[in-house]
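Printed here is start-v3.txt (compact mmCIF, C-alpha atoms):
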# COMPACT_ATOMS: atom_id res chain seq x y z
CA MET H 265 3.85 7.74 20.02
CA SER H 266 6.11 10.75 20.19
CA THR H 267 7.53 11.75 23.55
CA ASN H 268 5.35 14.84 23.67
CA PRO H 269 1.66 14.05 23.03
CA LEU H 270 1.08 17.65 21.88
CA LEU H 271 3.13 16.83 18.82
CA LYS H 272 0.60 14.38 17.46
CA GLY H 273 -1.36 16.87 15.37
CA THR H 274 1.68 18.59 13.92
CA LEU H 275 3.86 15.59 13.14
CA GLN H 276 2.97 15.56 9.44
CA THR H 277 3.69 19.28 9.16
CA ILE H 278 7.08 18.83 10.83
CA VAL H 279 7.97 15.99 8.45
CA LEU H 280 6.85 17.92 5.38
CA LYS H 281 8.77 21.03 6.44
CA LEU H 282 11.92 19.03 7.16
CA LEU H 283 11.75 17.39 3.77
CA GLU H 284 11.20 20.74 2.11
CA ASP H 285 14.37 22.05 3.76
CA ASN H 286 16.48 18.92 3.29
CA LYS H 287 15.13 17.58 -0.03
CA GLU H 288 15.42 13.89 0.94
CA MET H 289 15.82 12.07 4.23
CA TYR H 290 15.50 8.58 5.71
CA GLY H 291 13.55 7.74 8.86
CA TYR H 292 16.37 7.71 11.37
CA GLU H 293 17.77 10.93 9.94
CA ILE H 294 14.41 12.66 10.46
CA THR H 295 14.26 11.69 14.14
CA GLN H 296 17.84 12.88 14.70
CA LYS H 297 17.20 16.15 12.89
CA VAL H 298 14.13 16.89 15.04
CA LYS H 299 16.08 16.04 18.18
CA GLU H 300 19.02 18.20 17.10
CA THR H 301 16.93 21.19 16.00
CA SER H 302 14.85 21.18 19.18
CA GLY H 303 17.94 20.77 21.36
CA GLY H 304 16.66 17.42 22.54
CA GLY H 305 13.34 18.91 23.64
CA ILE H 306 11.33 16.98 21.06
CA VAL H 307 11.97 13.30 20.55
CA LEU H 308 10.12 11.47 17.80
CA THR H 309 9.79 7.74 18.13
CA GLU H 310 9.73 5.60 15.03
CA GLY H 311 6.46 4.13 16.21
CA ALA H 312 4.97 7.54 15.44
CA LEU H 313 7.20 8.62 12.59
CA TYR H 314 6.88 5.65 10.23
CA PRO H 315 3.05 5.55 10.25
CA ALA H 316 3.08 9.30 9.50
CA LEU H 317 5.55 8.80 6.64
CA HIS H 318 3.53 5.91 5.23
CA LYS H 319 0.33 7.94 5.45
CA LEU H 320 1.89 10.90 3.65
CA GLU H 321 3.20 8.52 1.01
CA ALA H 322 -0.24 6.96 0.58
CA GLU H 323 -1.74 10.43 0.19
CA GLY H 324 0.73 11.18 -2.57
CA LEU H 325 2.55 13.93 -0.67
CA LEU H 326 5.77 11.95 -0.39
CA GLU H 327 7.56 9.57 -2.69
CA THR H 328 10.28 7.11 -1.88
CA TYR H 329 13.31 5.54 -3.45
CA THR H 330 15.81 3.07 -2.10
CA GLN H 331 19.58 2.97 -2.08
CA ILE H 332 21.94 0.24 -1.01
CA ILE H 333 24.13 1.56 1.82
CA ASP H 334 26.65 -0.83 3.44
CA ASN H 335 24.85 -3.87 1.98
CA ARG H 336 21.45 -2.84 3.31
CA VAL H 337 18.44 -1.16 1.78
CA ARG H 338 17.87 2.43 2.84
CA LYS H 339 14.56 4.07 2.03
CA TYR H 340 14.64 7.78 1.33
CA TYR H 341 11.58 10.03 1.44
CA ARG H 342 11.15 13.20 -0.58
CA LEU H 343 8.31 15.58 -1.39
CA THR H 344 6.20 15.11 -4.49
CA ASP H 345 5.02 18.18 -6.43
CA GLN H 346 1.71 17.93 -4.56
CA GLY H 347 3.59 17.63 -1.25
CA GLY H 348 5.66 20.70 -2.09
CA LYS H 349 2.48 22.71 -2.57
CA GLU H 350 0.98 21.34 0.63
CA VAL H 351 3.90 22.37 2.87
CA THR H 352 3.17 26.11 2.74
CA SER H 353 -0.48 25.72 3.66
CA LYS H 354 0.27 23.19 6.42
CA VAL H 355 2.94 25.44 7.97
CA LYS H 356 0.59 28.43 7.75
CA GLU H 357 -2.21 26.40 9.34
CA ALA H 358 0.09 25.26 12.16
CA GLY H 359 1.27 28.87 12.73
CA GLU H 360 -2.30 30.11 12.98
CA PHE H 361 -3.17 27.34 15.40
CA ILE H 362 -0.18 28.18 17.62
CA ASP H 363 -1.23 31.86 17.61
CA GLN H 364 -4.77 30.94 18.64
CA LEU H 365 -3.46 28.63 21.33
CA GLN H 366 -1.24 31.35 22.72
CA THR H 367 -4.20 33.70 22.84
CA LEU H 368 -6.39 31.10 24.51
CA LEU H 369 -3.77 30.40 27.11
CA ASN H 370 -3.32 34.13 27.67
CA LEU H 371 0.28 34.01 26.61
CA LYS H 372 -0.20 37.01 24.36
CA PRO H 373 -3.00 39.49 23.63
CA ALA H 374 -5.29 38.81 20.67
CA ALA H 375 -4.22 40.57 17.45
CA LYS H 376 -6.58 43.37 16.40
CA MET U 255 29.47 0.22 17.12
CA LYS U 256 30.52 -1.80 14.08
CA LEU U 257 29.09 -5.29 13.80
CA THR U 258 30.82 -8.45 12.59
CA GLU U 259 29.21 -10.65 9.91
CA GLU U 260 28.10 -13.09 12.61
CA GLN U 261 26.47 -10.32 14.66
CA LEU U 262 24.77 -8.97 11.54
CA SER U 263 23.38 -12.43 10.83
CA ILE U 264 22.04 -12.74 14.39
CA LEU U 265 20.45 -9.30 14.12
CA ARG U 266 18.83 -10.15 10.76
CA ASN U 267 17.42 -13.38 12.18
CA THR U 268 16.08 -11.61 15.28
CA ILE U 269 14.27 -9.01 13.19
CA CYS U 270 12.98 -11.63 10.72
CA GLU U 271 11.43 -13.60 13.60
CA GLU U 272 9.39 -10.61 14.68
CA ILE U 273 8.16 -9.13 11.42
CA THR U 274 6.36 -10.51 8.40
CA TYR U 275 6.87 -8.11 5.54
CA ARG U 276 9.94 -7.20 3.56
CA GLU U 277 9.24 -3.44 3.55
CA THR U 278 9.13 -3.33 7.36
CA TYR U 279 12.27 -5.44 7.53
CA ASP U 280 14.22 -3.08 5.27
CA GLU U 281 13.22 -0.02 7.28
CA VAL U 282 13.74 -1.56 10.72
CA TYR U 283 17.04 -3.25 9.83
CA ASP U 284 18.47 -0.02 8.42
CA HIS U 285 17.16 1.95 11.37
CA VAL U 286 18.66 -0.38 13.97
CA LEU U 287 22.04 -0.52 12.21
CA THR U 288 22.18 3.26 11.84
CA ALA U 289 21.29 3.65 15.51
CA LEU U 290 23.96 1.07 16.44
CA ASP U 291 26.54 3.09 14.48
CA ASN U 292 25.92 5.86 17.02
CA THR U 293 26.00 3.56 20.05
CA ASP U 294 28.92 3.16 22.44
CA ASP U 295 31.07 0.09 21.68
CA ASN U 296 31.13 -0.92 25.36
CA ILE U 297 27.40 -1.71 25.50
CA PRO U 298 26.62 -5.41 24.77
CA LEU U 299 24.91 -5.86 21.39
CA GLY U 300 21.78 -7.55 22.78
CA GLU U 301 21.23 -4.77 25.27
CA ALA U 302 21.82 -2.09 22.65
CA VAL U 303 19.33 -3.67 20.21
CA ASN U 304 16.70 -4.11 22.92
CA THR U 305 17.09 -0.48 23.99
CA ILE U 306 16.71 0.74 20.39
CA MET U 307 13.68 -1.45 19.86
CA LEU U 308 12.04 -0.35 23.08
CA ASN U 309 12.77 3.37 22.80
CA ASP U 310 12.14 3.76 19.08
CA PHE U 311 9.45 1.22 18.27
CA GLY U 312 7.85 0.48 21.64
CA GLY U 313 9.43 -2.98 21.66
CA PHE U 314 8.64 -5.89 19.33
CA LYS U 315 4.95 -5.55 20.19
CA GLY U 316 5.02 -1.99 18.88
CA LEU U 317 6.79 -3.21 15.78
CA ARG U 318 4.05 -5.71 15.04
CA ALA U 319 1.39 -3.03 15.59
CA LEU U 320 3.27 -0.76 13.20
CA GLU U 321 3.34 -3.49 10.61
CA GLN U 322 -0.32 -4.29 11.02
CA GLN U 323 -1.27 -0.63 10.64
CA ARG U 324 0.81 -0.36 7.50
CA ARG U 325 -0.71 -3.51 6.05
CA TRP U 326 -4.20 -2.05 6.25
CA MET U 327 -3.04 1.26 4.85
CA VAL U 328 -1.38 -0.38 1.85
CA GLY U 329 -4.42 -2.62 1.40
CA ARG U 330 -6.82 0.32 1.34
CA GLN U 331 -4.53 2.20 -1.00
CA MET U 332 -4.35 -0.68 -3.49
CA ILE U 333 -8.09 -1.37 -3.41
CA ASN U 334 -8.80 2.35 -3.94
CA LYS U 335 -6.38 2.40 -6.84
CA GLN U 336 -8.06 -0.63 -8.43
CA LEU U 337 -11.47 1.04 -8.06
CA GLY U 338 -10.00 4.24 -9.48
CA TYR U 339 -8.78 2.43 -12.60
CA LEU U 340 -12.19 0.79 -12.92
CA ILE U 341 -14.04 4.10 -12.65
CA ASN U 342 -11.66 5.73 -15.15
CA HIS U 343 -13.01 3.34 -17.78
CA PHE U 344 -16.32 5.18 -17.52
CA LYS U 345 -14.75 8.60 -18.03
CA PHE U 346 -12.96 10.25 -20.91
CA PRO U 347 -10.57 9.37 -22.51
CA LEU U 348 -11.24 5.67 -21.79
CA LEU U 349 -15.02 5.77 -22.17
CA PRO U 350 -14.95 5.13 -25.97
CA VAL U 351 -12.76 2.03 -25.38
CA THR U 352 -15.27 0.74 -22.83
CA LEU U 353 -18.12 1.35 -25.27
CA ILE U 354 -16.27 -0.57 -28.01
CA ILE U 355 -15.66 -3.51 -25.63
CA TYR U 356 -19.33 -3.40 -24.66
CA ALA U 357 -20.44 -3.33 -28.31
CA ILE U 358 -18.24 -6.31 -29.23
CA ILE U 359 -19.47 -8.38 -26.28
CA HIS U 360 -23.07 -7.46 -26.99
CA TYR U 361 -22.69 -8.33 -30.69
CA CYS U 362 -21.26 -11.75 -29.76
CA LEU U 363 -24.09 -12.43 -27.32
CA ILE U 364 -26.75 -11.50 -29.87
CA LYS U 365 -25.04 -13.27 -32.76
CA PHE U 366 -24.19 -16.57 -31.09
CA GLN U 367 -26.85 -16.54 -28.38
CA PHE U 368 -26.41 -19.29 -25.81
CA SER U 369 -25.87 -22.19 -28.16
CA PRO U 370 -23.82 -25.10 -26.74
CA VAL U 371 -20.77 -23.95 -28.72
CA GLY U 372 -21.35 -20.35 -27.66
CA MET U 373 -21.68 -21.36 -24.02
CA PHE U 374 -18.50 -23.40 -24.22
CA VAL U 375 -16.62 -20.43 -25.69
CA TYR U 376 -18.05 -17.97 -23.13
CA THR U 377 -17.32 -20.26 -20.20
CA THR U 378 -13.78 -21.01 -21.33
CA THR U 379 -13.02 -17.33 -21.95
CA PHE U 380 -14.59 -16.34 -18.65
CA PHE U 381 -12.60 -19.05 -16.86
CA MET U 382 -9.25 -18.25 -18.50
CA LEU U 383 -9.66 -14.54 -17.78
CA SER U 384 -10.56 -15.20 -14.16
CA LEU U 385 -7.42 -17.34 -13.83
CA CYS U 386 -5.16 -14.47 -14.97
CA GLY U 387 -5.33 -12.73 -11.60
CA VAL U 388 -4.74 -15.98 -9.73
CA TYR U 389 -1.74 -16.73 -11.96
CA TYR U 390 -0.17 -13.32 -11.36
CA HIS U 391 -0.73 -13.59 -7.63
CA LEU U 392 0.91 -17.02 -7.44
CA LYS U 393 3.72 -15.88 -9.72
CA SER U 394 4.51 -12.97 -7.42
CA GLY U 395 4.50 -15.32 -4.41
CA TYR U 396 7.25 -17.46 -5.88
CA LYS U 397 9.52 -14.44 -6.06
CA SER U 398 9.35 -13.89 -2.30
CA THR U 399 12.69 -14.04 -0.56
CA ASN U 400 13.54 -15.55 2.82
CA ILE U 401 13.17 -12.05 4.33
CA GLY U 402 9.45 -12.25 3.79
CA LYS U 403 6.73 -11.40 1.34
CA SER U 404 5.98 -7.89 0.23
CA ILE U 405 3.31 -6.02 2.17
CA LYS U 406 1.45 -5.75 -1.15
CA TYR U 407 1.05 -9.51 -1.42
CA PHE U 408 -2.07 -9.76 0.73
CA PRO U 409 -4.12 -6.94 -0.90
CA LEU U 410 -3.02 -8.23 -4.31
CA LYS U 411 -4.47 -11.61 -3.39
CA ILE U 412 -7.85 -10.10 -2.51
CA ILE U 413 -8.01 -8.04 -5.70
CA SER U 414 -6.71 -10.76 -8.01
CA TYR U 415 -9.04 -13.51 -6.77
CA VAL U 416 -12.26 -11.51 -7.22
CA PRO U 417 -12.80 -12.50 -10.90
CA PHE U 418 -12.08 -16.15 -10.08
CA TYR U 419 -14.61 -16.19 -7.25
CA ILE U 420 -17.18 -14.45 -9.47
CA PHE U 421 -16.60 -17.16 -12.09
CA ILE U 422 -16.93 -20.00 -9.61
CA VAL U 423 -20.11 -18.57 -8.04
CA SER U 424 -21.73 -17.80 -11.43
CA PHE U 425 -20.79 -21.21 -12.81
CA PHE U 426 -22.30 -23.07 -9.88
CA ILE U 427 -25.44 -20.95 -9.76
CA ILE U 428 -26.06 -21.56 -13.46
CA ASN U 429 -25.17 -25.26 -13.19
CA LEU U 430 -27.43 -25.74 -10.20
CA THR U 431 -30.30 -24.15 -12.07
CA TYR U 432 -29.68 -26.15 -15.25
CA SER U 433 -28.46 -29.70 -15.03
CA ASN U 434 -26.06 -29.01 -17.83
CA ILE U 435 -24.91 -25.57 -18.79
CA PHE U 436 -24.04 -26.64 -22.30
CA LYS U 437 -27.58 -27.82 -23.23
CA GLY U 438 -28.35 -24.47 -24.76
CA HIS U 439 -31.07 -23.14 -22.51
CA ASN U 440 -31.78 -19.50 -22.78
CA ILE U 441 -30.43 -18.15 -19.50
CA TYR U 442 -32.01 -14.77 -20.16
CA ASP U 443 -35.21 -16.34 -18.85
CA TRP U 444 -33.50 -17.65 -15.78
CA LEU U 445 -32.03 -14.34 -14.78
CA SER U 446 -34.89 -12.29 -16.27
CA LEU U 447 -32.29 -9.88 -17.47
CA PRO U 448 -32.25 -8.27 -20.90
CA PRO U 449 -29.16 -9.02 -23.06
CA LEU U 450 -28.00 -5.43 -22.61
CA ILE U 451 -27.48 -6.01 -18.89
CA PHE U 452 -25.75 -9.30 -19.55
CA SER U 453 -23.33 -7.55 -21.89
CA LEU U 454 -22.77 -4.89 -19.26
CA LEU U 455 -21.87 -7.49 -16.64
CA PHE U 456 -19.40 -9.16 -19.01
CA THR U 457 -17.91 -5.75 -19.82
CA LEU U 458 -17.51 -4.95 -16.13
CA PHE U 459 -15.78 -8.28 -15.61
CA LEU U 460 -13.36 -7.59 -18.45
CA ILE U 461 -12.66 -4.03 -17.34
CA TYR U 462 -11.97 -5.24 -13.81
CA ILE U 463 -9.30 -7.57 -15.19
CA ILE U 464 -7.80 -4.80 -17.36
CA SER U 465 -7.71 -2.55 -14.26
CA PHE U 466 -6.00 -5.34 -12.32
CA PHE U 467 -3.23 -5.54 -14.94
CA LYS U 468 -2.71 -1.78 -14.68
CA LEU U 469 -2.50 -2.04 -10.90
CA TYR U 470 -0.12 -4.98 -11.12
CA ARG U 471 2.12 -3.12 -13.56
CA GLU U 472 2.26 -0.02 -11.40
CA GLU U 473 2.38 -1.49 -7.91
CA CYS U 474 3.84 -4.93 -8.16
CA ILE U 475 6.45 -5.26 -10.91
CA GLY U 476 9.81 -4.93 -9.21
CA PHE U 477 8.29 -5.04 -5.73
CA LEU U 478 6.91 -8.52 -5.29
Could you rewrite the structure in this file as C-alpha cells?
Amino acid sequence: MSTNPLLKGTLQTIVLKLLEDNKEMYGYEITQKVKETSGGGIVLTEGALYPALHKLEAEGLLETYTQIIDNRVRKYYRLTDQGGKEVTSKVKEAGEFIDQLQTLLNLKPAAK
Amino acid sequence: MKLTEEQLSILRNTICEEITYRETYDEVYDHVLTALDNTDDNIPLGEAVNTIMLNDFGGFKGLRALEQQRRWMVGRQMINKQLGYLINHFKFPLLPVTLIIYAIIHYCLIKFQFSPVGMFVYTTTFFMLSLCGVYYHLKSGYKSTNIGKSIKYFPLKIISYVPFYIFIVSFFIINLTYSNIFKGHNIYDWLSLPPLIFSLLFTLFLIYIISFFKLYREECIGFL
C-alpha cells in the first residue's frame, strides 16, 4: 500500500538497493530514506514495506538482528550473501523494464 | 516529542490490545516511537499516534491484516523448513544415517515380532516420542511474555502435534480392530503390509521427530 501504486512491482528492488548502499537499516529508516531521496515524491507506507521485508527475509535475501535502543527492541535488516548477489540482477531487471516502458510510452526512441 | 513513562505505558497497552504477536509488537512499537520523536510537541499524543497508525499502517485494521499476512508467511516458511529437513534425510550425507535407523527398526520388528512384550515396548516408545513435540510446544508457551506469544508459536503447534495425532489415530485404529493390542496378533495380516513397509513407516515417524528437533533448535530457541 505505497502512495504510488506503480511502485508495487519495484518495492523489493528499492529495499534491496537501499540495504546494499546503507548496509543495515530498520523499517522506519527505510521509509524516511525513500522519502528523502525522492524529495518526498515517493512515500512508502509500512503496510507495504513490512510485508516486503518479511517476504525478502523468508526468501533468504535479508537477515535481521535486534538491538535495544531506548529500552525498546529495534529490528535491523541487512542483506545476506544471496541477497547481495540478487541486488545487481534486480536493479538491472528494473532498469530494463523502465527502458521498455519509456519506449512503449513513446518517451524515447527504441535503442537499435 | 518525548514521552513520559506514563504515556509510554498507555502506548504499550494500546498497541498490545490491537496485536497478537510479539514480533509485530516490537516492530510497531519501535516504529511509532521513532515517528513520535519526529513529531511536533504541540500535537496531542492520542492524535499523533492515530495519525501515525492511519498513515503508516492503514489504521489498526491494516495492522491486523499485516499481522495475519505475516503469520501465514512464517507458517509456510516453518512447514517448508520441516519438510526440507525431512527430505534431507533421504539425500547425502544423511542417507546412510537414515538407512542405519531403518535397519535397526527392521531388525527389532523381525526379531521381536509383535509379541505382547514387543507391542508394549513399541507402543510406549511410539507414545513417548510423539509426546516430545507436544512437550516442546507447551514448554515454549510458558515462556510467553505479557506482550504476546511469538508468531512462530502457531506453526510450531501444527508441526509438533503431528506425531502425537498419528500415534492417537494409529492406536485407536489398531485397538478398534483388535480388542486388545497386547494380545499378540500379527498386525501384518490386518494391514496386509510387508514388514519392510512397516519399518519404513516407523523410520519416517522417527525422522520426522528428528527433523522437528532441528527446526526447534534453529527457529525457536531464544525466540519463543
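The interatomic distance for the pair atom CA of U:Thr378 and atom CA of U:Ile427 works out to 16.4 Å.
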Atom CA of U:Ile461 and atom CA of U:His391 are how many Å apart? 18.1 Å
What gap, in Å, lies between atom CA of U:Leu454 and atom CA of U:Ile341? 14.2 Å
Show me, as number ranges by chain, every residue of chain U with an atom at most 6 Å from chain H, counting all atoms listed in the file. U: 280, 285, 310-311
Do a neighbour search on U:Gly313 at 10 Å with all atoms listed in the file, toss out local chain neighbours closer than 6 positions, and write the hits as a VMD selection string. (chain H and resid 311) or (chain U and resid 304 to 307)
Would you export the selected residues with C-alpha atoms as a JSON list (two decimals), in the frame of the given file, please?
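Below you can see out-v9.json, which holds the result:
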[["chain", "number", "residue", "atom", "x", "y", "z"],
["H", 311, "GLY", "CA", 6.46, 4.13, 16.21],
["U", 304, "ASN", "CA", 16.70, -4.11, 22.92],
["U", 305, "THR", "CA", 17.09, -0.48, 23.99],
["U", 306, "ILE", "CA", 16.71, 0.74, 20.39],
["U", 307, "MET", "CA", 13.68, -1.45, 19.86]]
Using only C-alpha atoms, the shortest atom-to-atom distance to U:Gln331 among U:Tyr275, U:Leu469, U:Glu301, U:Pro350 belongs to U:Leu469
In the coordinates of the file, take the point (-7.7, -16.0, -15.4) and a cut-off of 12 Å; then, counting all atoms listed in the file, name each qualifying protein, DNA or RNA residue as a JSON list (two decimals) with C-alpha atoms, in the frame of the given file.
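New file result-v1.json:
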[["chain", "number", "residue", "atom", "x", "y", "z"],
["U", 377, "THR", "CA", -17.32, -20.26, -20.20],
["U", 378, "THR", "CA", -13.78, -21.01, -21.33],
["U", 379, "THR", "CA", -13.02, -17.33, -21.95],
["U", 380, "PHE", "CA", -14.59, -16.34, -18.65],
["U", 381, "PHE", "CA", -12.60, -19.05, -16.86],
["U", 382, "MET", "CA", -9.25, -18.25, -18.50],
["U", 383, "LEU", "CA", -9.66, -14.54, -17.78],
["U", 384, "SER", "CA", -10.56, -15.20, -14.16],
["U", 385, "LEU", "CA", -7.42, -17.34, -13.83],
["U", 386, "CYS", "CA", -5.16, -14.47, -14.97],
["U", 387, "GLY", "CA", -5.33, -12.73, -11.60],
["U", 388, "VAL", "CA", -4.74, -15.98, -9.73],
["U", 389, "TYR", "CA", -1.74, -16.73, -11.96],
["U", 390, "TYR", "CA", -0.17, -13.32, -11.36],
["U", 391, "HIS", "CA", -0.73, -13.59, -7.63],
["U", 392, "LEU", "CA", 0.91, -17.02, -7.44],
["U", 414, "SER", "CA", -6.71, -10.76, -8.01],
["U", 415, "TYR", "CA", -9.04, -13.51, -6.77],
["U", 416, "VAL", "CA", -12.26, -11.51, -7.22],
["U", 417, "PRO", "CA", -12.80, -12.50, -10.90],
["U", 418, "PHE", "CA", -12.08, -16.15, -10.08],
["U", 419, "TYR", "CA", -14.61, -16.19, -7.25],
["U", 420, "ILE", "CA", -17.18, -14.45, -9.47],
["U", 421, "PHE", "CA", -16.60, -17.16, -12.09],
["U", 422, "ILE", "CA", -16.93, -20.00, -9.61],
["U", 459, "PHE", "CA", -15.78, -8.28, -15.61],
["U", 460, "LEU", "CA", -13.36, -7.59, -18.45],
["U", 462, "TYR", "CA", -11.97, -5.24, -13.81],
["U", 463, "ILE", "CA", -9.30, -7.57, -15.19],
["U", 464, "ILE", "CA", -7.80, -4.80, -17.36],
["U", 466, "PHE", "CA", -6.00, -5.34, -12.32],
["U", 467, "PHE", "CA", -3.23, -5.54, -14.94]]
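Considering all atoms listed in the file, the residue among U:Glu271, U:Glu277, U:Asp295, U:Glu259 positioned nearest to U:Ser404 is U:Glu277.
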Name all residues at most 10 Å from U:Thr274 (count only C-alpha atoms; drop same-chain ones fewer than 5 positions away) and give them as a short mmCIF file (atom, residue, chain, number, x, y, z; two decimals) with C-alpha atoms, in the coordinates of the input.
data_model
loop_
_atom_site.label_atom_id
_atom_site.label_comp_id
_atom_site.auth_asym_id
_atom_site.auth_seq_id
_atom_site.Cartn_x
_atom_site.Cartn_y
_atom_site.Cartn_z
CA ILE U 269 14.27 -9.01 13.19
CA TYR U 279 12.27 -5.44 7.53
CA ARG U 318 4.05 -5.71 15.04
CA GLU U 321 3.34 -3.49 10.61
CA GLN U 322 -0.32 -4.29 11.02
CA ILE U 401 13.17 -12.05 4.33
CA GLY U 402 9.45 -12.25 3.79
CA LYS U 403 6.73 -11.40 1.34
CA SER U 404 5.98 -7.89 0.23
CA ILE U 405 3.31 -6.02 2.17
#
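Of the listed residues H:Glu321, H:Tyr329, H:Ser353, H:Leu368, the one whose atoms come nearest to U:Val328 is H:Glu321, with distances taken using all atoms listed in the file.
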What lies within 8 Å of H:Leu343 using only C-alpha atoms, ignoring chain neighbours under 6 positions off, as a PDB file with C-alpha atoms, in the frame of the given file?
ATOM      1  CA  LEU H 280       6.850  17.920   5.380  1.00  0.00           C
ATOM      2  CA  LEU H 283      11.750  17.390   3.770  1.00  0.00           C
ATOM      3  CA  GLU H 284      11.200  20.740   2.110  1.00  0.00           C
ATOM      4  CA  LYS H 287      15.130  17.580  -0.030  1.00  0.00           C
ATOM      5  CA  GLU H 288      15.420  13.890   0.940  1.00  0.00           C
ATOM      6  CA  LEU H 325       2.550  13.930  -0.670  1.00  0.00           C
ATOM      7  CA  LEU H 326       5.770  11.950  -0.390  1.00  0.00           C
ATOM      8  CA  GLU H 327       7.560   9.570  -2.690  1.00  0.00           C
TER       9      GLU H 327
END
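Nearest to H:Glu357 of all the residues H:Asn286, H:Thr301, H:Thr277, H:Gln331 is H:Thr277, counting only C-alpha atoms.
Using all atoms listed in the file, the nearest neighbour of U:Lys335 within the list U:Arg266, U:Lys468, U:Lys411, U:Lys315 is U:Lys468.
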Please write stretch 360-374 of chain U of the preceding block to a file containing C-alpha atoms, as a tab-separated table (two decimals), in the first residue's frame?
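Wrote it out as selection.tsv, contents follow:
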chain	number	residue	atom	x	y	z
U	360	HIS	CA	13.54	-53.52	10.84
U	361	TYR	CA	15.81	-55.84	12.86
U	362	CYS	CA	13.75	-55.17	16.01
U	363	LEU	CA	10.48	-55.83	14.19
U	364	ILE	CA	11.75	-59.12	12.76
U	365	LYS	CA	13.45	-60.22	15.95
U	366	PHE	CA	10.71	-59.44	18.45
U	367	GLN	CA	7.74	-59.62	16.10
U	368	PHE	CA	4.50	-58.43	17.68
U	369	SER	CA	4.70	-60.33	20.92
U	370	PRO	CA	2.85	-58.76	23.88
U	371	VAL	CA	6.15	-57.50	25.32
U	372	GLY	CA	7.25	-56.25	21.91
U	373	MET	CA	3.95	-54.46	21.39
U	374	PHE	CA	4.20	-52.85	24.80
